[in-house]
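K.L.:
Here's a structure for you.
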Amino acid sequence: MRLLIAAIAACLSLGMPVDGAADESRTNVRSIEGWEAVGRLNISNVNMCTGALVAPDLVLTAAHCLFEPRTGARVDPSTISFEAGLSGGQAVALRQVVKAVMHPQYRYRPAGTHQIGSDLAVLKLDRPISRSQVQPLTMSSGAARGDILGVLSYTRRHANRPNLESSCSVLARQSRTLVMSCLVEFGASGSPVLEMRPGLPPRLVSVISAKAAMGSRRVSIGTALDSTLRDLMQRAG
């Protein structure tokens, strides 16, 4: 883990695409139950991250998405919008953010390295999204080595429709930090990591923080969910 942490790349937040071009996902996203709860976060009309609805008016994402990558300045939450279920330029629901609450242990670190293990933030929406439109994702804190995962994200190549990285797994867990075989790209910051079990709906177990390398192997780093998330939701709500 110590070597991995030293190899972490810059945070995966991304400048907004100029032309809004969209590529097809490698795997059919619509096969994932509840995929509409995942959406693109448009940040100050400059950057983007990915977020997931965890309550009708609450979105979970990475804490580092709340900072301007070049300057480290805190982003005004009112400049963030959430496009739930964005696909082909059409969103199931569009909401503005009115409040943002970060994990109490998170500290933003510029210059390409940022804190992991507490890289979580909850965003309060200006009004709830009806459950008849979008069902919030179910959460779990039980991610463990060997679990099969999927990651839904909006990225440089998939800015207008979600990309599914499927059949990856947890390689290691240290406290709240997960090392995963999932491959992620810029824009994937805050993306939900889903536990995929046959015959069961996916459960949200982690949030993407960064990509890294373990020797020559590409991996991703995520913050596992724990009881702290409930506190964040209460503070945001």
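Each chain in the structure tokens gets a letter, A, B, ..., in the order shown, and its residues are numbered from 1; ligands are numbered from 1 in order too.
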Within range 20-191 of chain A, find each residue whose DSSP state, derived from the backbone, is strand (DSSP E), and express the selection as a CSV table (one decimal) with N, CA and C atoms, in the first residue's frame.
P.N.:
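Output contents, as saved in out-v2.csv:
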chain,number,residue,atom,x,y,z
A,38,VAL,N,-26.8,7.5,-11.3
A,38,VAL,CA,-25.5,8.0,-11.5
A,38,VAL,C,-25.6,9.2,-12.5
A,39,GLY,N,-24.8,10.3,-12.2
A,39,GLY,CA,-24.9,11.5,-13.1
A,39,GLY,C,-23.6,12.2,-13.2
A,40,ARG,N,-23.6,13.1,-14.1
A,40,ARG,CA,-22.4,14.0,-14.3
A,40,ARG,C,-22.6,15.2,-13.4
A,41,LEU,N,-21.5,15.6,-12.7
A,41,LEU,CA,-21.5,16.8,-11.9
A,41,LEU,C,-20.7,17.9,-12.8
A,42,ASN,N,-21.4,19.0,-13.1
A,42,ASN,CA,-20.8,20.1,-13.8
A,42,ASN,C,-20.4,21.1,-12.8
A,43,ILE,N,-19.1,21.4,-12.8
A,43,ILE,CA,-18.6,22.2,-11.7
A,43,ILE,C,-18.1,23.6,-12.2
A,47,ASN,N,-15.1,22.3,-14.8
A,47,ASN,CA,-14.7,21.0,-14.5
A,47,ASN,C,-15.9,20.0,-14.4
A,48,MET,N,-15.6,18.7,-14.4
A,48,MET,CA,-16.6,17.7,-14.2
A,48,MET,C,-16.1,16.6,-13.4
A,49,CYS,N,-17.1,16.0,-12.6
A,49,CYS,CA,-16.8,14.8,-11.9
A,49,CYS,C,-18.1,13.9,-12.1
A,50,THR,N,-18.1,12.8,-11.4
A,50,THR,CA,-19.3,11.9,-11.4
A,50,THR,C,-19.8,11.8,-10.0
A,51,GLY,N,-21.1,11.7,-9.9
A,51,GLY,CA,-21.8,11.5,-8.6
A,51,GLY,C,-22.9,10.5,-8.6
A,52,ALA,N,-23.4,10.1,-7.5
A,52,ALA,CA,-24.4,9.1,-7.4
A,52,ALA,C,-25.5,9.5,-6.4
A,53,LEU,N,-26.7,9.4,-6.7
A,53,LEU,CA,-27.8,9.7,-5.8
A,53,LEU,C,-27.9,8.7,-4.7
A,54,VAL,N,-27.8,9.1,-3.5
A,54,VAL,CA,-27.9,8.2,-2.3
A,54,VAL,C,-29.2,8.5,-1.5
A,55,ALA,N,-29.9,9.6,-1.8
A,55,ALA,CA,-31.2,9.9,-1.2
A,55,ALA,C,-31.8,10.8,-2.2
A,58,LEU,N,-29.8,14.0,-2.1
A,58,LEU,CA,-28.4,13.9,-1.7
A,58,LEU,C,-27.5,13.1,-2.7
A,59,VAL,N,-26.4,13.7,-3.1
A,59,VAL,CA,-25.5,13.0,-4.1
A,59,VAL,C,-24.1,12.8,-3.4
A,60,LEU,N,-23.6,11.6,-3.6
A,60,LEU,CA,-22.3,11.2,-3.1
A,60,LEU,C,-21.2,11.4,-4.2
A,61,THR,N,-20.1,12.0,-3.8
A,61,THR,CA,-19.0,12.1,-4.8
A,61,THR,C,-17.7,12.2,-4.0
A,80,ILE,N,-22.4,24.2,-8.9
A,80,ILE,CA,-22.4,22.8,-9.3
A,80,ILE,C,-23.8,22.3,-9.6
A,81,SER,N,-23.9,21.6,-10.7
A,81,SER,CA,-25.2,21.0,-11.1
A,81,SER,C,-25.0,19.5,-11.3
A,82,PHE,N,-26.1,18.8,-11.1
A,82,PHE,CA,-26.1,17.3,-11.2
A,82,PHE,C,-27.1,16.9,-12.2
A,83,GLU,N,-26.6,16.1,-13.2
A,83,GLU,CA,-27.4,15.6,-14.3
A,83,GLU,C,-27.6,14.1,-14.1
A,84,ALA,N,-28.7,13.7,-13.4
A,84,ALA,CA,-28.9,12.3,-13.1
A,84,ALA,C,-29.3,11.5,-14.4
A,93,ALA,N,-33.0,13.8,-14.8
A,93,ALA,CA,-33.3,14.9,-13.9
A,93,ALA,C,-32.1,15.8,-13.8
A,94,LEU,N,-32.3,17.1,-13.7
A,94,LEU,CA,-31.3,18.1,-13.5
A,94,LEU,C,-31.6,18.9,-12.3
A,95,ARG,N,-30.6,19.0,-11.4
A,95,ARG,CA,-30.7,19.8,-10.2
A,95,ARG,C,-29.5,20.6,-9.9
A,96,GLN,N,-29.7,21.7,-9.2
A,96,GLN,CA,-28.5,22.5,-8.7
A,96,GLN,C,-28.2,22.1,-7.3
A,97,VAL,N,-26.9,22.2,-6.9
A,97,VAL,CA,-26.4,21.9,-5.6
A,97,VAL,C,-26.5,23.2,-4.7
A,98,VAL,N,-26.9,23.1,-3.5
A,98,VAL,CA,-27.0,24.2,-2.6
A,98,VAL,C,-26.1,24.1,-1.4
A,99,LYS,N,-25.6,22.9,-1.2
A,99,LYS,CA,-24.7,22.7,0.0
A,99,LYS,C,-23.8,21.5,-0.2
A,100,ALA,N,-22.6,21.6,0.3
A,100,ALA,CA,-21.6,20.5,0.2
A,100,ALA,C,-21.0,20.3,1.5
A,101,VAL,N,-20.9,19.0,1.9
A,101,VAL,CA,-20.3,18.6,3.2
A,101,VAL,C,-19.2,17.5,2.9
A,102,MET,N,-18.0,17.8,3.4
A,102,MET,CA,-16.9,16.9,3.2
A,102,MET,C,-16.6,16.0,4.4
A,121,ALA,N,-17.6,13.3,-0.2
A,121,ALA,CA,-18.4,14.5,0.0
A,121,ALA,C,-19.9,14.2,-0.3
A,122,VAL,N,-20.8,14.8,0.4
A,122,VAL,CA,-22.2,14.7,0.1
A,122,VAL,C,-22.7,16.1,-0.3
A,123,LEU,N,-23.5,16.1,-1.4
A,123,LEU,CA,-24.0,17.4,-2.0
A,123,LEU,C,-25.5,17.4,-1.8
A,124,LYS,N,-26.0,18.5,-1.3
A,124,LYS,CA,-27.5,18.7,-1.1
A,124,LYS,C,-28.0,19.4,-2.4
A,125,LEU,N,-29.1,18.8,-2.9
A,125,LEU,CA,-29.7,19.3,-4.1
A,125,LEU,C,-30.8,20.4,-3.8
A,148,ILE,N,-16.5,-8.8,-6.6
A,148,ILE,CA,-16.6,-8.4,-8.0
A,148,ILE,C,-17.3,-7.0,-8.0
A,149,LEU,N,-16.8,-6.1,-8.8
A,149,LEU,CA,-17.2,-4.8,-8.8
A,149,LEU,C,-17.6,-4.3,-10.2
A,150,GLY,N,-18.3,-3.2,-10.3
A,150,GLY,CA,-18.5,-2.4,-11.5
A,150,GLY,C,-18.4,-0.9,-11.2
A,151,VAL,N,-17.9,-0.1,-12.1
A,151,VAL,CA,-17.8,1.3,-11.9
A,151,VAL,C,-18.5,2.0,-13.0
A,152,LEU,N,-19.5,2.9,-12.7
A,152,LEU,CA,-20.2,3.7,-13.7
A,152,LEU,C,-19.6,5.1,-13.6
A,153,SER,N,-19.2,5.7,-14.7
A,153,SER,CA,-18.5,7.0,-14.7
A,153,SER,C,-18.7,7.8,-16.0
A,163,ASN,N,-20.0,5.4,-18.7
A,163,ASN,CA,-19.2,4.2,-19.1
A,163,ASN,C,-19.2,3.2,-18.0
A,164,LEU,N,-19.4,1.9,-18.4
A,164,LEU,CA,-19.4,0.9,-17.4
A,164,LEU,C,-18.1,0.1,-17.5
A,165,GLU,N,-17.3,0.1,-16.4
A,165,GLU,CA,-16.2,-0.8,-16.2
A,165,GLU,C,-16.6,-2.0,-15.4
A,166,SER,N,-16.8,-3.2,-16.0
A,166,SER,CA,-17.4,-4.3,-15.3
A,166,SER,C,-16.4,-5.4,-15.0
A,167,SER,N,-16.8,-6.3,-14.1
A,167,SER,CA,-16.0,-7.5,-13.8
A,167,SER,C,-14.6,-7.2,-13.3
A,168,CYS,N,-14.4,-6.1,-12.6
A,168,CYS,CA,-13.2,-5.8,-11.9
A,168,CYS,C,-13.4,-6.2,-10.4
A,169,SER,N,-12.4,-6.1,-9.6
A,169,SER,CA,-12.5,-6.6,-8.3
A,169,SER,C,-11.6,-5.8,-7.3
A,170,VAL,N,-11.9,-6.1,-6.0
A,170,VAL,CA,-11.1,-5.5,-4.9
A,170,VAL,C,-9.8,-6.3,-4.8
A,171,LEU,N,-8.6,-5.7,-4.9
A,171,LEU,CA,-7.3,-6.4,-4.8
A,171,LEU,C,-6.8,-6.3,-3.4
A,172,ALA,N,-7.2,-5.2,-2.7
A,172,ALA,CA,-6.7,-5.1,-1.3
A,172,ALA,C,-7.5,-4.0,-0.6
A,173,ARG,N,-7.6,-4.2,0.7
A,173,ARG,CA,-8.3,-3.1,1.5
A,173,ARG,C,-7.5,-2.8,2.7
A,174,GLN,N,-7.3,-1.5,3.0
A,174,GLN,CA,-6.6,-1.1,4.2
A,174,GLN,C,-7.4,0.0,4.8
A,177,THR,N,-9.5,2.5,2.6
A,177,THR,CA,-8.9,2.6,1.3
A,177,THR,C,-9.0,1.3,0.6
A,178,LEU,N,-9.6,1.3,-0.7
A,178,LEU,CA,-9.7,0.1,-1.5
A,178,LEU,C,-8.7,0.2,-2.7
A,179,VAL,N,-8.0,-0.8,-3.0
A,179,VAL,CA,-7.2,-0.9,-4.2
A,179,VAL,C,-7.9,-1.9,-5.1
A,180,MET,N,-8.2,-1.4,-6.4
A,180,MET,CA,-9.1,-2.2,-7.2
A,180,MET,C,-8.5,-2.4,-8.6
K.L.:
Could you pull the residues within 12 Å of Arg217 in chain A, counting only C-alpha atoms, minus those fewer than 3 positions along the same chain, as a list of chain:residue names?
P.N.:
A:Leu4, A:Ala7, A:Leu171, A:Val179, A:Met180, A:Ser181, A:Cys182, A:Leu183, A:Lys211, A:Ala212, A:Ala213, A:Met214, A:Ser220
K.L.:
Could you save the residues just selected, with N, CA and C atoms, as a CSV table (one decimal), in the first residue's frame?
P.N.:
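In the end it all went to part26.csv:
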chain,number,residue,atom,x,y,z
A,4,LEU,N,1.9,2.0,-3.5
A,4,LEU,CA,0.8,2.4,-4.3
A,4,LEU,C,0.5,3.9,-4.0
A,7,ALA,N,2.4,6.3,-5.8
A,7,ALA,CA,2.3,6.3,-7.3
A,7,ALA,C,1.0,6.9,-7.7
A,171,LEU,N,-8.6,-5.7,-4.9
A,171,LEU,CA,-7.3,-6.4,-4.8
A,171,LEU,C,-6.8,-6.3,-3.4
A,179,VAL,N,-8.0,-0.8,-3.0
A,179,VAL,CA,-7.2,-0.9,-4.2
A,179,VAL,C,-7.9,-1.9,-5.1
A,180,MET,N,-8.2,-1.4,-6.4
A,180,MET,CA,-9.1,-2.2,-7.2
A,180,MET,C,-8.5,-2.4,-8.6
A,181,SER,N,-8.9,-3.4,-9.3
A,181,SER,CA,-8.4,-3.7,-10.7
A,181,SER,C,-9.2,-2.9,-11.7
A,182,CYS,N,-10.2,-2.1,-11.3
A,182,CYS,CA,-11.0,-1.3,-12.2
A,182,CYS,C,-10.2,-0.3,-12.9
A,183,LEU,N,-10.3,-0.1,-14.2
A,183,LEU,CA,-9.6,0.9,-14.9
A,183,LEU,C,-10.5,2.2,-15.1
A,211,LYS,N,-6.5,7.1,-9.8
A,211,LYS,CA,-5.9,5.9,-10.5
A,211,LYS,C,-4.4,5.9,-10.1
A,212,ALA,N,-3.8,4.7,-10.1
A,212,ALA,CA,-2.5,4.5,-9.6
A,212,ALA,C,-1.8,3.3,-10.4
A,213,ALA,N,-0.7,2.9,-10.0
A,213,ALA,CA,0.0,1.8,-10.6
A,213,ALA,C,0.6,0.9,-9.5
A,214,MET,N,0.5,-0.4,-9.7
A,214,MET,CA,1.1,-1.4,-8.8
A,214,MET,C,2.1,-2.1,-9.6
A,220,SER,N,-7.1,1.3,-9.6
A,220,SER,CA,-7.8,2.5,-9.1
A,220,SER,C,-7.8,2.4,-7.6
K.L.:
Applying 9 Å and only C-alpha atoms, which residues near Thr138 in chain A remain after dropping the ones on its own chain fewer than 4 positions away? List them as a ChimeraX atom specification.
P.N.:
/A:54,201-205
K.L.:
Please produce a file of the residues just selected, as a PDB file, in the first residue's frame, where the atoms kept are C-alpha atoms.
P.N.:
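Everything below was put into result.pdb:
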ATOM      1  CA  VAL A  54     -27.942   8.199  -2.330  1.00  0.00           C
ATOM      2  CA  PRO A 201     -29.272  -5.372  -7.304  1.00  0.00           C
ATOM      3  CA  PRO A 202     -25.912  -3.567  -7.207  1.00  0.00           C
ATOM      4  CA  ARG A 203     -24.857  -1.916  -3.947  1.00  0.00           C
ATOM      5  CA  LEU A 204     -22.686   1.184  -3.643  1.00  0.00           C
ATOM      6  CA  VAL A 205     -19.542   0.291  -1.671  1.00  0.00           C
TER       7      VAL A 205
END
K.L.:
Can you work out which one of A:Ala159, A:Ile221, A:Met233, A:Val92 has the shortest atom-to-atom distance to Ser132 in chain A, counting only C-alpha atoms?
P.N.:
A:Val92
K.L.:
Residues of range 2-166 of chain A in alpha helix (DSSP H) according to DSSP, as a count of residues only?
P.N.:
5
K.L.:
With distances taken over only C-alpha atoms, which of A:Ile129, A:Leu86, A:Ala144, A:Leu66 is nearest to Arg107 in chain A?
P.N.:
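Closest candidate: A:Leu66.
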